[in-house]
file start_7.cif (mmCIF, C-alpha atoms)
data_input
loop_
_atom_site.group_PDB
_atom_site.id
_atom_site.type_symbol
_atom_site.label_atom_id
_atom_site.label_comp_id
_atom_site.auth_asym_id
_atom_site.auth_seq_id
_atom_site.Cartn_x
_atom_site.Cartn_y
_atom_site.Cartn_z
ATOM 1 C CA MET A 1 -47.927 -84.558 -32.060
ATOM 2 C CA VAL A 2 -50.811 -82.587 -33.408
ATOM 3 C CA GLU A 3 -50.059 -79.731 -31.094
ATOM 4 C CA GLU A 4 -46.473 -79.632 -32.360
ATOM 5 C CA LEU A 5 -47.659 -79.504 -35.965
ATOM 6 C CA VAL A 6 -50.082 -76.718 -35.150
ATOM 7 C CA ALA A 7 -47.372 -74.778 -33.362
ATOM 8 C CA ALA A 8 -44.977 -75.253 -36.294
ATOM 9 C CA GLY A 9 -47.677 -74.099 -38.733
ATOM 10 C CA VAL A 10 -48.417 -71.050 -36.679
ATOM 11 C CA THR A 11 -44.714 -70.259 -36.469
ATOM 12 C CA LEU A 12 -44.263 -70.710 -40.207
ATOM 13 C CA ALA A 13 -47.278 -68.534 -40.958
ATOM 14 C CA SER A 14 -46.021 -65.885 -38.602
ATOM 15 C CA ALA A 15 -42.588 -65.969 -40.230
ATOM 16 C CA GLY A 16 -44.205 -65.736 -43.665
ATOM 17 C CA ALA A 17 -46.341 -62.830 -42.572
ATOM 18 C CA VAL A 18 -43.319 -61.043 -41.169
ATOM 19 C CA TYR A 19 -41.406 -61.713 -44.412
ATOM 20 C CA VAL A 20 -44.237 -60.421 -46.546
ATOM 21 C CA MET A 21 -44.565 -57.349 -44.403
ATOM 22 C CA ALA A 22 -40.847 -56.707 -44.665
ATOM 23 C CA ALA A 23 -40.720 -57.364 -48.426
ATOM 24 C CA ALA A 24 -43.931 -55.664 -49.491
ATOM 25 C CA ARG A 25 -43.688 -52.298 -51.213
ATOM 26 C CA VAL A 26 -46.313 -50.104 -52.870
ATOM 27 C CA VAL A 27 -45.355 -47.891 -55.802
ATOM 28 C CA LYS A 28 -47.788 -45.057 -56.530
ATOM 29 C CA GLN A 29 -49.132 -44.242 -59.965
ATOM 30 C CA TYR A 30 -46.866 -41.204 -60.503
ATOM 31 C CA GLU A 31 -43.759 -43.042 -59.243
ATOM 32 C CA ARG A 32 -41.356 -45.685 -60.491
ATOM 33 C CA GLY A 33 -39.335 -48.051 -58.337
ATOM 34 C CA VAL A 34 -35.606 -48.667 -58.841
ATOM 35 C CA VAL A 35 -34.157 -51.675 -57.004
ATOM 36 C CA PHE A 36 -30.543 -51.966 -55.878
ATOM 37 C CA ARG A 37 -29.579 -55.540 -54.895
ATOM 38 C CA LEU A 38 -26.436 -55.595 -52.796
ATOM 39 C CA GLY A 39 -25.576 -52.198 -54.249
ATOM 40 C CA ARG A 40 -26.015 -53.249 -57.872
ATOM 41 C CA LEU A 41 -28.737 -51.732 -60.062
ATOM 42 C CA ARG A 42 -31.425 -54.141 -61.166
ATOM 43 C CA PRO A 43 -32.372 -53.575 -64.826
ATOM 44 C CA GLN A 44 -36.063 -53.982 -64.216
ATOM 45 C CA VAL A 45 -37.914 -50.842 -63.080
ATOM 46 C CA ARG A 46 -40.850 -51.568 -60.804
ATOM 47 C CA GLU A 47 -44.135 -50.326 -62.175
ATOM 48 C CA PRO A 48 -46.900 -48.728 -60.063
ATOM 49 C CA GLY A 49 -48.702 -51.100 -57.750
ATOM 50 C CA PHE A 50 -47.768 -53.829 -55.238
ATOM 51 C CA THR A 51 -44.265 -55.290 -55.485
ATOM 52 C CA LEU A 52 -41.940 -57.460 -53.356
ATOM 53 C CA ILE A 53 -38.248 -57.177 -52.641
ATOM 54 C CA VAL A 54 -35.800 -59.326 -50.732
ATOM 55 C CA PRO A 55 -35.589 -57.902 -47.229
ATOM 56 C CA GLY A 56 -32.078 -57.009 -46.168
ATOM 57 C CA VAL A 57 -30.755 -57.592 -49.688
ATOM 58 C CA ASP A 58 -32.725 -55.257 -51.960
ATOM 59 C CA LYS A 59 -33.246 -51.551 -51.531
ATOM 60 C CA LEU A 60 -36.081 -49.827 -53.341
ATOM 61 C CA ARG A 61 -35.773 -46.156 -54.407
ATOM 62 C CA LYS A 62 -38.884 -44.388 -55.617
ATOM 63 C CA VAL A 63 -38.545 -41.704 -58.269
ATOM 64 C CA ASN A 64 -41.250 -39.085 -58.886
ATOM 65 C CA MET A 65 -42.238 -38.915 -62.553
ATOM 66 C CA GLN A 66 -44.373 -35.766 -62.274
ATOM 67 C CA ILE A 67 -43.434 -32.448 -63.853
ATOM 68 C CA VAL A 68 -41.436 -30.432 -61.358
ATOM 69 C CA THR A 69 -41.785 -26.653 -61.194
ATOM 70 C CA MET A 70 -38.503 -25.103 -60.095
ATOM 71 C CA PRO A 71 -38.097 -21.334 -59.707
ATOM 72 C CA VAL A 72 -34.705 -19.965 -60.696
ATOM 73 C CA PRO A 73 -33.426 -17.241 -58.337
ATOM 74 C CA ALA A 74 -32.997 -13.776 -59.825
ATOM 75 C CA GLN A 75 -29.653 -13.471 -61.580
ATOM 76 C CA GLU A 76 -27.947 -10.117 -62.081
ATOM 77 C CA GLY A 77 -25.974 -9.577 -65.244
ATOM 78 C CA ILE A 78 -24.933 -7.099 -67.913
ATOM 79 C CA THR A 79 -26.550 -7.281 -71.314
ATOM 80 C CA ARG A 80 -24.731 -6.985 -74.600
ATOM 81 C CA ASP A 81 -25.579 -3.267 -74.774
ATOM 82 C CA ASN A 82 -24.096 -2.669 -71.275
ATOM 83 C CA VAL A 83 -27.281 -2.468 -69.196
ATOM 84 C CA THR A 84 -27.394 -4.026 -65.729
ATOM 85 C CA VAL A 85 -30.528 -6.137 -65.224
ATOM 86 C CA ARG A 86 -31.906 -8.745 -62.839
ATOM 87 C CA VAL A 87 -33.767 -11.648 -64.437
ATOM 88 C CA ASP A 88 -35.590 -14.515 -62.803
ATOM 89 C CA ALA A 89 -37.139 -17.528 -64.495
ATOM 90 C CA VAL A 90 -38.962 -20.786 -63.876
ATOM 91 C CA VAL A 91 -38.066 -24.264 -65.182
ATOM 92 C CA TYR A 92 -40.491 -27.128 -65.802
ATOM 93 C CA PHE A 93 -38.866 -30.569 -66.078
ATOM 94 C CA LYS A 94 -39.609 -34.236 -65.470
ATOM 95 C CA VAL A 95 -37.701 -37.494 -65.093
ATOM 96 C CA THR A 96 -37.901 -39.816 -68.087
ATOM 97 C CA ALA A 97 -35.293 -42.423 -67.050
ATOM 98 C CA PRO A 98 -35.514 -43.176 -63.308
ATOM 99 C CA ALA A 99 -32.429 -45.402 -63.179
ATOM 100 C CA GLU A 100 -30.193 -42.813 -64.902
ATOM 101 C CA ALA A 101 -31.549 -40.017 -62.701
ATOM 102 C CA LEU A 102 -30.365 -41.951 -59.624
ATOM 103 C CA VAL A 103 -27.112 -43.329 -60.973
ATOM 104 C CA ARG A 104 -25.640 -40.639 -63.239
ATOM 105 C CA VAL A 105 -26.112 -37.642 -60.951
ATOM 106 C CA GLU A 106 -26.126 -37.351 -57.183
ATOM 107 C CA ASP A 107 -29.110 -34.983 -56.942
ATOM 108 C CA TYR A 108 -30.807 -34.255 -60.235
ATOM 109 C CA ARG A 109 -32.923 -31.436 -58.769
ATOM 110 C CA PHE A 110 -29.871 -29.552 -57.514
ATOM 111 C CA ALA A 111 -28.064 -30.206 -60.799
ATOM 112 C CA VAL A 112 -30.937 -28.818 -62.861
ATOM 113 C CA ALA A 113 -31.190 -25.760 -60.594
ATOM 114 C CA GLN A 114 -27.483 -24.945 -60.955
ATOM 115 C CA MET A 115 -27.562 -25.495 -64.708
ATOM 116 C CA ALA A 116 -30.585 -23.178 -65.005
ATOM 117 C CA GLN A 117 -28.815 -20.386 -63.106
ATOM 118 C CA THR A 118 -25.651 -20.574 -65.194
ATOM 119 C CA SER A 119 -27.622 -20.745 -68.436
ATOM 120 C CA LEU A 120 -29.692 -17.735 -67.395
ATOM 121 C CA ARG A 121 -26.552 -15.673 -66.750
ATOM 122 C CA SER A 122 -25.167 -16.741 -70.106
ATOM 123 C CA ILE A 123 -28.341 -15.807 -71.978
ATOM 124 C CA ILE A 124 -28.371 -12.369 -70.306
ATOM 125 C CA GLY A 125 -24.838 -11.606 -71.513
ATOM 126 C CA LYS A 126 -25.665 -12.667 -75.094
ATOM 127 C CA SER A 127 -28.882 -10.647 -75.424
ATOM 128 C CA ASP A 128 -29.793 -6.997 -75.792
ATOM 129 C CA LEU A 129 -32.171 -5.182 -73.489
ATOM 130 C CA ASP A 130 -34.816 -4.941 -76.196
ATOM 131 C CA ASP A 131 -34.702 -8.725 -76.675
ATOM 132 C CA LEU A 132 -35.200 -9.310 -72.958
ATOM 133 C CA LEU A 133 -38.217 -7.020 -72.908
ATOM 134 C CA SER A 134 -39.963 -7.836 -76.187
ATOM 135 C CA ASN A 135 -38.498 -11.028 -77.688
ATOM 136 C CA ARG A 136 -38.816 -13.423 -74.771
ATOM 137 C CA GLU A 137 -40.106 -16.370 -76.789
ATOM 138 C CA LYS A 138 -36.821 -16.682 -78.636
ATOM 139 C CA LEU A 139 -34.838 -16.342 -75.401
ATOM 140 C CA ASN A 140 -36.992 -18.981 -73.734
ATOM 141 C CA GLN A 141 -36.255 -21.422 -76.530
ATOM 142 C CA GLY A 142 -32.534 -20.733 -76.354
ATOM 143 C CA LEU A 143 -32.528 -21.112 -72.578
ATOM 144 C CA GLU A 144 -34.422 -24.396 -72.841
ATOM 145 C CA LEU A 145 -31.856 -25.812 -75.272
ATOM 146 C CA MET A 146 -28.970 -24.758 -73.049
ATOM 147 C CA ILE A 147 -30.453 -26.534 -70.014
ATOM 148 C CA ASP A 148 -31.779 -29.565 -71.870
ATOM 149 C CA SER A 149 -28.476 -30.524 -73.513
ATOM 150 C CA PRO A 150 -26.708 -31.798 -70.342
ATOM 151 C CA ALA A 151 -29.949 -32.828 -68.622
ATOM 152 C CA VAL A 152 -30.678 -35.512 -71.218
ATOM 153 C CA ASP A 153 -27.747 -37.612 -69.925
ATOM 154 C CA TRP A 154 -29.177 -37.362 -66.429
ATOM 155 C CA GLY A 155 -32.490 -38.933 -67.438
ATOM 156 C CA VAL A 156 -34.244 -35.555 -67.143
ATOM 157 C CA THR A 157 -36.170 -33.768 -69.880
ATOM 158 C CA ILE A 158 -36.770 -30.015 -69.764
ATOM 159 C CA ASP A 159 -40.411 -29.435 -70.571
ATOM 160 C CA ARG A 160 -40.432 -25.626 -70.636
ATOM 161 C CA VAL A 161 -38.486 -22.564 -69.489
ATOM 162 C CA GLU A 162 -40.052 -19.143 -68.936
ATOM 163 C CA ILE A 163 -38.473 -15.800 -68.055
ATOM 164 C CA LYS A 164 -40.745 -14.308 -65.398
ATOM 165 C CA ASP A 165 -39.502 -10.790 -64.755
ATOM 166 C CA VAL A 166 -36.783 -8.376 -65.836
ATOM 167 C CA SER A 167 -35.825 -5.765 -63.244
ATOM 168 C CA LEU A 168 -34.198 -2.550 -64.488
ATOM 169 C CA PRO A 169 -32.427 0.241 -62.583
ATOM 170 C CA GLU A 170 -34.516 3.302 -61.737
ATOM 171 C CA THR A 171 -32.471 5.556 -64.022
ATOM 172 C CA MET A 172 -33.071 3.222 -66.937
ATOM 173 C CA LYS A 173 -36.797 3.134 -66.169
ATOM 174 C CA ARG A 174 -36.981 6.947 -66.213
ATOM 175 C CA SER A 175 -35.036 7.088 -69.484
ATOM 176 C CA MET A 176 -37.322 4.546 -71.103
ATOM 177 C CA ALA A 177 -40.372 6.415 -69.820
ATOM 178 C CA ARG A 178 -39.131 9.664 -71.366
ATOM 179 C CA GLN A 179 -38.395 7.880 -74.616
ATOM 180 C CA ALA A 180 -41.852 6.316 -74.701
ATOM 181 C CA GLU A 181 -43.459 9.675 -73.883
ATOM 182 C CA ALA A 182 -41.540 11.417 -76.661
ATOM 183 C CA ASP A 183 -42.469 8.692 -79.135
ATOM 184 C CA ARG A 184 -46.153 8.915 -78.211
ATOM 185 C CA GLU A 185 -46.079 12.702 -78.502
ATOM 186 C CA ARG A 186 -44.489 12.410 -81.935
ATOM 187 C CA ARG A 187 -47.172 9.997 -83.089
ATOM 188 C CA ALA A 188 -49.865 12.260 -81.658
ATOM 189 C CA ARG A 189 -48.505 15.228 -83.609
ATOM 190 C CA VAL A 190 -48.333 13.202 -86.807
ATOM 191 C CA ILE A 191 -51.913 12.003 -86.359
ATOM 192 C CA ASN A 192 -53.060 15.563 -85.583
ATOM 193 C CA ALA A 193 -51.310 16.921 -88.675
ATOM 194 C CA ASP A 194 -52.838 14.180 -90.808
ATOM 195 C CA GLY A 195 -56.262 15.053 -89.438
ATOM 196 C CA GLU A 196 -55.739 18.740 -90.210
ATOM 197 C CA LEU A 197 -54.721 17.856 -93.772
ATOM 198 C CA GLN A 198 -57.802 15.740 -94.340
ATOM 199 C CA ALA A 199 -60.024 18.388 -92.753
ATOM 200 C CA SER A 200 -58.546 21.093 -94.970
ATOM 201 C CA LYS A 201 -59.279 19.020 -98.065
ATOM 202 C CA LYS A 202 -62.861 18.472 -96.988
ATOM 203 C CA LEU A 203 -63.283 22.160 -96.143
ATOM 204 C CA ALA A 204 -61.934 23.108 -99.560
ATOM 205 C CA GLU A 205 -64.467 20.792 -101.204
ATOM 206 C CA ALA A 206 -67.245 22.261 -99.058
ATOM 207 C CA ALA A 207 -66.185 25.792 -99.961
ATOM 208 C CA GLY A 208 -66.297 24.878 -103.639
ATOM 209 C CA VAL A 209 -69.844 23.556 -103.319
ATOM 210 C CA MET A 210 -70.987 26.594 -101.303
ATOM 211 C CA SER A 211 -69.489 28.976 -103.848
ATOM 212 C CA GLU A 212 -71.681 27.405 -106.537
ATOM 213 C CA GLN A 213 -74.786 27.646 -104.328
ATOM 214 C CA PRO A 214 -74.611 30.735 -102.062
ATOM 215 C CA ALA A 215 -77.832 29.694 -100.295
ATOM 216 C CA ALA A 216 -75.938 26.706 -98.878
ATOM 217 C CA LEU A 217 -73.975 29.102 -96.663
ATOM 218 C CA GLN A 218 -77.175 30.344 -95.097
ATOM 219 C CA LEU A 219 -78.369 26.782 -94.511
ATOM 220 C CA ARG A 220 -75.063 25.953 -92.851
ATOM 221 C CA LEU A 221 -75.494 28.994 -90.625
ATOM 222 C CA LEU A 222 -78.935 27.797 -89.571
ATOM 223 C CA GLN A 223 -77.536 24.340 -88.764
ATOM 224 C CA THR A 224 -74.896 25.958 -86.561
ATOM 225 C CA VAL A 225 -77.557 27.944 -84.727
ATOM 226 C CA VAL A 226 -79.585 24.768 -84.128
ATOM 227 C CA ALA A 227 -76.511 22.943 -82.813
ATOM 228 C CA VAL A 228 -75.661 25.789 -80.424
ATOM 229 C CA ALA A 229 -79.255 26.139 -79.245
ATOM 230 C CA ALA A 230 -79.374 22.419 -78.370
ATOM 231 C CA GLU A 231 -76.916 23.023 -75.509
ATOM 232 C CA LYS A 232 -79.550 25.108 -73.650
ATOM 233 C CA ASN A 233 -77.290 28.101 -73.215
ATOM 234 C CA SER A 234 -78.584 31.357 -71.778
ATOM 235 C CA THR A 235 -76.581 33.408 -74.283
ATOM 236 C CA LEU A 236 -76.585 32.708 -78.006
ATOM 237 C CA VAL A 237 -73.877 34.220 -80.178
ATOM 238 C CA LEU A 238 -75.065 34.386 -83.781
ATOM 239 C CA PRO A 239 -72.268 34.791 -86.328
ATOM 240 C CA PHE A 240 -73.249 36.739 -89.423
ATOM 241 C CA PRO A 241 -70.906 36.106 -92.356
ATOM 242 C CA VAL A 242 -69.858 38.947 -94.616
ATOM 243 C CA GLU A 243 -70.504 36.794 -97.684
ATOM 244 C CA LEU A 244 -74.187 36.719 -96.809
ATOM 245 C CA LEU A 245 -74.298 40.520 -96.682
ATOM 246 C CA ARG A 246 -72.642 40.708 -100.082
ATOM 247 C CA PHE A 247 -75.106 38.175 -101.434
ATOM 248 C CA LEU A 248 -78.070 40.228 -100.164
ATOM 249 C CA GLU A 249 -76.551 43.445 -101.509
ATOM 250 C CA ARG A 250 -76.111 41.939 -104.966
ATOM 251 C CA ALA A 251 -79.673 40.643 -104.823
ATOM 252 C CA GLN A 252 -80.979 44.195 -104.127
ATOM 253 C CA GLN A 253 -78.831 45.839 -106.795
ATOM 254 C CA ALA A 254 -79.979 43.474 -109.536
ATOM 255 C CA PRO A 255 -83.634 44.833 -109.778
ATOM 256 C CA ALA A 256 -82.454 48.490 -109.551
ATOM 257 C CA ALA A 257 -80.009 47.991 -112.397
ATOM 258 C CA ALA A 258 -82.751 46.377 -114.480
ATOM 259 C CA GLN A 259 -85.015 49.436 -113.981
ATOM 260 C CA GLN A 260 -82.316 52.004 -114.725
ATOM 261 C CA THR A 261 -81.225 50.420 -117.991
ATOM 262 C CA PRO A 262 -84.232 51.537 -120.221
ATOM 263 C CA ALA A 263 -84.206 55.125 -118.805
ATOM 264 C CA ALA A 264 -80.491 55.536 -119.408
ATOM 265 C CA ALA A 265 -80.883 54.276 -122.970
ATOM 266 C CA ALA A 266 -83.588 56.909 -123.614
ATOM 267 C CA GLN A 267 -81.626 59.791 -122.130
ATOM 268 C CA GLN A 268 -78.370 59.022 -123.939
ATOM 269 C CA PRO A 269 -79.467 60.272 -127.462
ATOM 270 C CA ALA A 270 -80.963 63.489 -125.977
ATOM 271 C CA GLN A 271 -77.709 64.339 -124.249
ATOM 272 C CA GLN A 272 -75.651 63.707 -127.351
ATOM 273 C CA ALA A 273 -77.864 65.839 -129.700
ATOM 274 C CA PRO A 274 -76.719 69.333 -128.581
ATOM 275 C CA SER A 275 -73.133 68.416 -128.924
ATOM 276 C CA VAL A 276 -73.699 67.247 -132.493
ATOM 277 C CA ALA A 277 -75.611 70.428 -133.356
ATOM 278 C CA GLN A 278 -73.009 72.651 -131.869
ATOM 279 C CA GLN A 279 -70.129 70.829 -133.526
ATOM 280 C CA PRO A 280 -70.392 72.606 -136.948
ATOM 281 C CA VAL A 281 -70.681 76.038 -135.351
ATOM 282 C CA GLN A 282 -67.611 75.471 -133.262
ATOM 283 C CA GLU A 283 -65.765 74.128 -136.263
ATOM 284 C CA GLN A 284 -66.632 77.301 -138.294
ATOM 285 C CA LEU A 285 -65.346 79.731 -135.647
ATOM 286 C CA PRO A 286 -61.750 80.831 -136.119
ATOM 287 C CA SER A 287 -59.397 80.535 -133.221
ATOM 288 C CA ALA A 288 -56.473 82.682 -132.311
ATOM 289 C CA GLU A 289 -54.186 79.674 -132.323
ATOM 290 C CA ALA A 290 -55.222 78.586 -135.842
ATOM 291 C CA HIS A 291 -54.987 82.225 -137.258
ATOM 292 C CA PRO A 292 -52.220 83.986 -135.476
ATOM 293 C CA HIS A 293 -52.479 87.037 -137.834
ATOM 294 C CA LEU A 294 -55.955 87.927 -136.541
ATOM 295 C CA ASP A 295 -56.391 90.127 -133.588
ATOM 296 C CA VAL A 296 -57.758 88.687 -130.395
ATOM 297 C CA GLN A 297 -60.510 91.304 -130.111
ATOM 298 C CA GLU A 298 -61.617 90.558 -133.690
ATOM 299 C CA VAL A 299 -61.899 86.879 -132.921
ATOM 300 C CA ASN A 300 -63.878 87.573 -129.767
ATOM 301 C CA SER A 301 -66.228 89.893 -131.652
ATOM 302 C CA ARG A 302 -66.921 87.227 -134.259
ATOM 303 C CA GLN A 303 -67.687 84.725 -131.521
ATOM 304 C CA ASP A 304 -70.091 87.169 -129.862
ATOM 305 C CA GLN A 305 -71.889 87.729 -133.188
ATOM 306 C CA THR A 306 -72.247 84.032 -133.658
#
call {"tool": "encode", "arguments": {"input": "start_7.cif", "output": "structure tokens"}}
result
Amino acid sequence: MVEELVAAGVTLASAGAVYVMAAARVVKQYERGVVFRLGRLRPQVREPGFTLIVPGVDKLRKVNMQIVTMPVPAQEGITRDNVTVRVDAVVYFKVTAPAEALVRVEDYRFAVAQMAQTSLRSIIGKSDLDDLLSNREKLNQGLELMIDSPAVDWGVTIDRVEIKDVSLPETMKRSMARQAEADRERRARVINADGELQASKKLAEAAGVMSEQPAALQLRLLQTVVAVAAEKNSTLVLPFPVELLRFLERAQQAPAAAQQTPAAAAQQPAQQAPSVAQQPVQEQLPSAEAHPHLDVQEVNSRQDQT
């Protein structure tokens, strides 16, 4: 009798162990368990950890709750300004409702991938080339809204959408390169002209200061010589400005003019005296033009006597 009880206990324990092994399930931390009992969805979602189901009756489906990174294949389209481009993107999404992700859509990953491709083509046709190249943040937000709207009913939330690369035709790349080169050359010319204008103003101010102090020009010349000599050249070209020669010439003429002024003042009355003394004699002599009735020989004889 005891042996029969022991055998029955062993059999019952073995059956229990087999049942537990068949019913035991482990749900990981980043997963959630959805149970279907005889094909019907159970409302309770199994949390991470150890859980039991009815073997042969229940079926447990595990759903990954991590953020999924899905690359979107490059899509070729024509922009609003009639430029053919190829754009690829990447979508980040996660499952927020495990039961809806399994029930409402057959394969939520495939559904999100197809929706991302169609939305990317649509956003290419609505945008200009400049927006695709420089205003990607706005396009990313618009693309995220387009994908997230239907995905909410599937129990999926779009976390982020990023446009990775925009491929342009070679002809368009060359045209844009020429445009960028022309724009940079224009800005370089404007900056150069602005620099010349500022330099001319400063040079005009410097010329005004040097004109007030002529010795400043000589000092500037010496500074130039020092700067050239610092290069350790074998040949030194020394510029000699004409203004410096004029300055030295005026400096030499100033003492000579000061010495000649008293002598000229002393000689001026002596030179004027004979002319004053001779003036009455010349006024007393008759002329042939003033006395036409006189003979020319008589006038000459009177002048000789005088």
call {"tool": "atom_distance", "arguments": {"input": "start_7.cif", "atom1": "atom CA of Leu245 of chain A", "atom2": "atom CA of Ala216 of chain A"}}
result
14.1 Å
call {"tool": "atom_distance", "arguments": {"input": "start_7.cif", "atom1": "atom CA of Lys28 of chain A", "atom2": "atom CA of Ala15 of chain A"}}
result
27.0 Å
call {"tool": "residues_around", "arguments": {"input": "start_7.cif", "residues": "Asn82 of chain A", "least_positions_apart": "3", "cutoff": "10 Å", "atoms": "all atoms listed in the file", "output": "VMD selection string"}}
result
chain A and resid 77 to 79 85 125 128 to 129
call {"tool": "write_last_selection", "arguments": {"input": "start_7.cif", "atoms": "C-alpha atoms", "output": "short mmCIF file (atom, residue, chain, number, x, y, z; two decimals), keeping the file's coordinate frame"}}
result
data_model
loop_
_atom_site.label_atom_id
_atom_site.label_comp_id
_atom_site.auth_asym_id
_atom_site.auth_seq_id
_atom_site.Cartn_x
_atom_site.Cartn_y
_atom_site.Cartn_z
CA GLY A 77 -25.97 -9.58 -65.24
CA ILE A 78 -24.93 -7.10 -67.91
CA THR A 79 -26.55 -7.28 -71.31
CA VAL A 85 -30.53 -6.14 -65.22
CA GLY A 125 -24.84 -11.61 -71.51
CA ASP A 128 -29.79 -7.00 -75.79
CA LEU A 129 -32.17 -5.18 -73.49
#
call {"tool": "atom_distance", "arguments": {"input": "start_7.cif", "atom1": "atom CA of Leu52 of chain A", "atom2": "atom CA of Val35 of chain A"}}
result
10.4 Å
call {"tool": "residues_around", "arguments": {"input": "start_7.cif", "residues": "Val161 of chain A", "least_positions_apart": "3", "cutoff": "12 Å", "atoms": "only C-alpha atoms", "output": "MDAnalysis selection string"}}
result
chainID A and resid 68:72 88:93 112:113 116:117 119:120 136:148 157:158 164
call {"tool": "residues_near_point", "arguments": {"input": "start_7.cif", "point": "(-42.0, -47.1, -53.9)", "cutoff": "10 Å", "atoms": "all atoms listed in the file", "output": "PDB file with C-alpha atoms, in the coordinates of the input"}}
result
ATOM      1  CA  ALA A  24     -43.931 -55.664 -49.491  1.00  0.00           C
ATOM      2  CA  ARG A  25     -43.688 -52.298 -51.213  1.00  0.00           C
ATOM      3  CA  VAL A  26     -46.313 -50.104 -52.870  1.00  0.00           C
ATOM      4  CA  VAL A  27     -45.355 -47.891 -55.802  1.00  0.00           C
ATOM      5  CA  LYS A  28     -47.788 -45.057 -56.530  1.00  0.00           C
ATOM      6  CA  GLN A  29     -49.132 -44.242 -59.965  1.00  0.00           C
ATOM      7  CA  GLU A  31     -43.759 -43.042 -59.243  1.00  0.00           C
ATOM      8  CA  ARG A  32     -41.356 -45.685 -60.491  1.00  0.00           C
ATOM      9  CA  GLY A  33     -39.335 -48.051 -58.337  1.00  0.00           C
ATOM     10  CA  VAL A  34     -35.606 -48.667 -58.841  1.00  0.00           C
ATOM     11  CA  VAL A  35     -34.157 -51.675 -57.004  1.00  0.00           C
ATOM     12  CA  ARG A  46     -40.850 -51.568 -60.804  1.00  0.00           C
ATOM     13  CA  GLU A  47     -44.135 -50.326 -62.175  1.00  0.00           C
ATOM     14  CA  PRO A  48     -46.900 -48.728 -60.063  1.00  0.00           C
ATOM     15  CA  GLY A  49     -48.702 -51.100 -57.750  1.00  0.00           C
ATOM     16  CA  PHE A  50     -47.768 -53.829 -55.238  1.00  0.00           C
ATOM     17  CA  THR A  51     -44.265 -55.290 -55.485  1.00  0.00           C
ATOM     18  CA  LEU A  60     -36.081 -49.827 -53.341  1.00  0.00           C
ATOM     19  CA  ARG A  61     -35.773 -46.156 -54.407  1.00  0.00           C
ATOM     20  CA  LYS A  62     -38.884 -44.388 -55.617  1.00  0.00           C
ATOM     21  CA  VAL A  63     -38.545 -41.704 -58.269  1.00  0.00           C
ATOM     22  CA  ASN A  64     -41.250 -39.085 -58.886  1.00  0.00           C
TER      23      ASN A  64
END
call {"tool": "closest_residue", "arguments": {"input": "start_7.cif", "among": "A:Leu197, A:Leu248, A:Asp130, A:Ala99", "to": "Ala215 of chain A", "atoms": "only C-alpha atoms"}}
result
A:Leu248
call {"tool": "closest_residue", "arguments": {"input": "start_7.cif", "among": "A:Gln252, A:Thr224, A:Thr118, A:Asn135", "to": "Ala74 of chain A", "atoms": "all atoms listed in the file"}}
result
A:Thr118
call {"tool": "residues_near_point", "arguments": {"input": "start_7.cif", "point": "(-31.6, -36.7, -73.7)", "cutoff": "12 Å", "atoms": "only C-alpha atoms", "output": "list in words"}}
result
Lys94, Val95, Thr96, Ala97, Glu100, Ala101, Leu145, Ile147, Asp148, Ser149, Pro150, Ala151, Val152, Asp153, Trp154, Gly155, Val156, Thr157, Ile158 and Asp159 of chain A
call {"tool": "residues_around", "arguments": {"input": "start_7.cif", "residues": "Leu168 of chain A", "least_positions_apart": "2", "cutoff": "9 Å", "atoms": "all atoms listed in the file", "output": "list in words"}}
result
Val83, Thr84, Val85, Arg86, Val166, Glu170, Thr171, Met172 and Lys173 of chain A
call {"tool": "write_last_selection", "arguments": {"input": "start_7.cif", "atoms": "C-alpha atoms", "output": "JSON list (two decimals), in the coordinates of the input"}}
result
[["chain", "number", "residue", "atom", "x", "y", "z"],
["A", 83, "VAL", "CA", -27.28, -2.47, -69.20],
["A", 84, "THR", "CA", -27.39, -4.03, -65.73],
["A", 85, "VAL", "CA", -30.53, -6.14, -65.22],
["A", 86, "ARG", "CA", -31.91, -8.74, -62.84],
["A", 166, "VAL", "CA", -36.78, -8.38, -65.84],
["A", 170, "GLU", "CA", -34.52, 3.30, -61.74],
["A", 171, "THR", "CA", -32.47, 5.56, -64.02],
["A", 172, "MET", "CA", -33.07, 3.22, -66.94],
["A", 173, "LYS", "CA", -36.80, 3.13, -66.17]]
call {"tool": "closest_residue", "arguments": {"input": "start_7.cif", "among": "A:Leu132, A:Tyr30, A:Val54, A:Gln44", "to": "Arg80 of chain A", "atoms": "only C-alpha atoms"}}
result
A:Leu132
call {"tool": "axis_aligned_box", "arguments": {"input": "start_7.cif", "around": "segment 248-257 of chain A", "padding_each_side": "3 Å", "output": "JSON"}}
result
{"center_x": -79.9, "center_y": 44.4, "center_z": -106.3, "size_x": 13.5, "size_y": 14.3, "size_z": 18.2}
